[in-house]
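Undergrad: After the structure tokens below, expect a handful of questions from me.
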Amino acid sequence: MILLLTVPLLVPFALGPLARRCLDRLTPVAALWSVTLALVVLAGASVAALGAFVLTGLLKVPLLAGLGDLVHPLRTASDLVVLPAAAAATGALTVGAWTVVRSAVRQLRAFRTARSQADRRPAAGDLCVIESPHPDAYALPGRPHRIVVTTAMLRSLGADEREALFAHERAHNAGGHHRFLVVAELAAHCHPGLRTVRATVALAAERAADEAAALAVGDRRLIARAITRAALATGEARRERPGFAPAATTGPVPQRVAALLAAAPRHRPRAAALAALLLAVCAAVSAGASGAGVVSFHHEVEVAQGEEAR
């Protein structure tokens with residue numbers, strides 16, 4: 001059981017390199033879905049494994065074992081292994097829960113502020129212009145979706161570049177990319193190995209919006225020029241927007257521009273299939289080991305309760 005529950009805690013460290021490889025080989029939309037789904041599975045499996053460790057340690061305490069109706073000692077590995085593992089799992093779950101709550105409160109506060117500010121301004125369709133000396137533009141989810149842009153950003157771009165930027169942000173809203181960013185943010189607090197994948201999900205969302213905007217505008221170079229100028233104008237200015245509100249100026253802009261300006265890559269179905277398969281195997285191994293470990297733990301509890309004989 002202990003070995004099975006350890007697997008879901010080790011596999012997430014391999015997801016970062018696999019996710020980057022997947023983004024290089026799949027289309028941005030396919031990579032966004034594949035990586036996010038694998039991220040959810042690995043986060044859930046790691047939390048389940050940590051929970052099983054915590055319950056195992058608690059049932060080693062005589063008082064709690066009595067409350068659990070255990071008539072025999074719970075048969076596990078040595079207490080020198082189980083109790084420290086349970087203590088570490090308890091600490092990890094506590095820290096993870098605290099950081100999730102703190103992040104959620106911060107993001108919700110920023111969202112409410114941004115939404116309130118946008119709702120107070122007259123909108124031209126889905127476009128909302130905010131008077132501000134700081135260049136910024138982003139896709140704001142909600143009902144209805146909004147594209148928020150500051151007056152400083154509008155002054156930084158030409159007319160065609162503005163339309164290209166708006167096309168990018170509309171692609172974010174149409175694709176519901178804020179949902180992927182929210183999931184990646186929550187999963188990143190479940191396991192330290194998943195934190196680097198959060199950046200890959202964000203990059204995949206930006207690449208997907210870049211490609212959708214290029215298709216809508218019909219000029220890849222224009223999209224590349226627009227996001228470059230917008231990023232240069234934004235610089236290191238303080239941004240008052242939710243972390244899950246995607247924007248054309250986020251992520252590694254040089255890498256995105258290079259992808260837009262590069263010749264259309266040859267379709268390599270074998271490489272794409274291999275990348276997707278590796279992600280699926282990674283998720284399956286983690287989920288399978290976690291599920292088997294939890295089932296084994298449940299079986300041991302039933303044996304200790306005298307409900308099942310070996």
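Chain labels follow the order of the structure tokens: the first chain is A, the next B, and so on; residue numbering restarts at 1 in every chain, and ligands are counted from 1 in their shown order.
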Neighbours of Val149 of chain A within 9 Å (only C-alpha atoms; same-chain residues fewer than 4 positions away dropped), as a PyMOL selection string?
TA: chain A and resi 127-131+135-139+153-154+166
Undergrad: Looking only at helix (DSSP H, G or I) from DSSP on the backbone, list the matching residues of segment 52-175 of chain A as a ChimeraX atom specification.
TA: /A:52-58,62-67,79-119,151-156,159-175
Undergrad: Measure the distance from atom CA of Ala118 of chain A to atom CA of Ile147 of chain A in Å and round it to one decimal.
TA: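 Rounded to one decimal, the two atoms are 9.1 Å apart.
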Undergrad: Please identify every residue of segment 63-151 of chain A that has at least one atom no farther than 9 Å from an atom of segment 241-261 of chain A, counting only C-alpha atoms, and for each give the shortest atom pair and the distance in Å to one decimal, arranged by chain then increasing number, as CSV.
TA:
```
residue,atom,partner,partner_atom,distance
A:Arg106,CA,A:Pro242,CA,8.3
A:Gln107,CA,A:Pro242,CA,5.4
A:Leu108,CA,A:Pro242,CA,7.5
A:Arg109,CA,A:Pro242,CA,8.2
A:Ala110,CA,A:Pro242,CA,5.1
A:Phe111,CA,A:Pro242,CA,5.2
A:Arg112,CA,A:Pro242,CA,8.9
A:Thr113,CA,A:Arg241,CA,8.2
A:Ala114,CA,A:Arg241,CA,6.2
A:Asp136,CA,A:Thr249,CA,8.2
A:Ala137,CA,A:Ala247,CA,6.3
A:Tyr138,CA,A:Ala247,CA,4.3
A:Ala139,CA,A:Pro246,CA,5.6
A:Leu140,CA,A:Ala245,CA,5.6
A:Pro141,CA,A:Ala245,CA,7.0
```
Undergrad: Keeping only N, CA and C atoms, take the residues you just selected and write them out as a compact mmCIF listing (two decimals), in the first residue's frame.
TA:
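After the write, part_36.txt holds the following:
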```
# COMPACT_ATOMS: atom_id res chain seq x y z
N ARG A 106 -7.77 36.13 -3.17
CA ARG A 106 -7.08 37.21 -3.90
C ARG A 106 -7.61 37.36 -5.32
N GLN A 107 -7.81 36.21 -6.00
CA GLN A 107 -8.29 36.25 -7.38
C GLN A 107 -9.73 36.74 -7.47
N LEU A 108 -10.57 36.31 -6.55
CA LEU A 108 -11.96 36.75 -6.55
C LEU A 108 -12.06 38.24 -6.27
N ARG A 109 -11.21 38.74 -5.37
CA ARG A 109 -11.22 40.17 -5.08
C ARG A 109 -10.80 40.97 -6.31
N ALA A 110 -9.77 40.50 -7.00
CA ALA A 110 -9.32 41.18 -8.21
C ALA A 110 -10.38 41.11 -9.31
N PHE A 111 -11.06 39.96 -9.41
CA PHE A 111 -12.10 39.81 -10.43
C PHE A 111 -13.27 40.76 -10.17
N ARG A 112 -13.70 40.83 -8.92
CA ARG A 112 -14.81 41.71 -8.60
C ARG A 112 -14.47 43.17 -8.87
N THR A 113 -13.23 43.54 -8.55
CA THR A 113 -12.80 44.91 -8.82
C THR A 113 -12.80 45.20 -10.31
N ALA A 114 -12.21 44.26 -11.09
CA ALA A 114 -12.14 44.46 -12.54
C ALA A 114 -13.54 44.45 -13.16
N ASP A 136 -2.65 48.37 -20.94
CA ASP A 136 -3.05 47.01 -20.59
C ASP A 136 -4.28 46.64 -21.41
N ALA A 137 -4.43 45.34 -21.63
CA ALA A 137 -5.61 44.81 -22.32
C ALA A 137 -5.74 43.35 -21.92
N TYR A 138 -6.96 42.93 -21.68
CA TYR A 138 -7.16 41.54 -21.28
C TYR A 138 -8.60 41.13 -21.53
N ALA A 139 -8.81 39.81 -21.55
CA ALA A 139 -10.14 39.23 -21.71
C ALA A 139 -10.73 39.00 -20.33
N LEU A 140 -11.87 39.62 -20.06
CA LEU A 140 -12.50 39.51 -18.74
C LEU A 140 -13.71 38.59 -18.83
N PRO A 141 -13.66 37.43 -18.17
CA PRO A 141 -14.80 36.51 -18.22
C PRO A 141 -15.97 37.04 -17.42
```
Undergrad: I need the residue nearest Ser296 of chain A from this list: A:Val7, A:Ala283, A:Ala224, A:Ala52. Use only C-alpha atoms for the distance.
TA: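 When distances to Ser296 of chain A are compared using only C-alpha atoms, the smallest one comes from A:Ala52.
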Undergrad: Based on DSSP run over this structure's backbone, return all residues of segment 119-228 of chain A in strand (DSSP E), as an MDAnalysis selection string.
TA: chainID A and resid 123:124 127:130 137:140 146:150
Undergrad: For atom CA of His172 of chain A and atom CA of Ala214 of chain A, determine how far apart the two atoms are, in Å to one decimal place.
TA: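 That distance, rounded to one decimal, is 12.9 Å.
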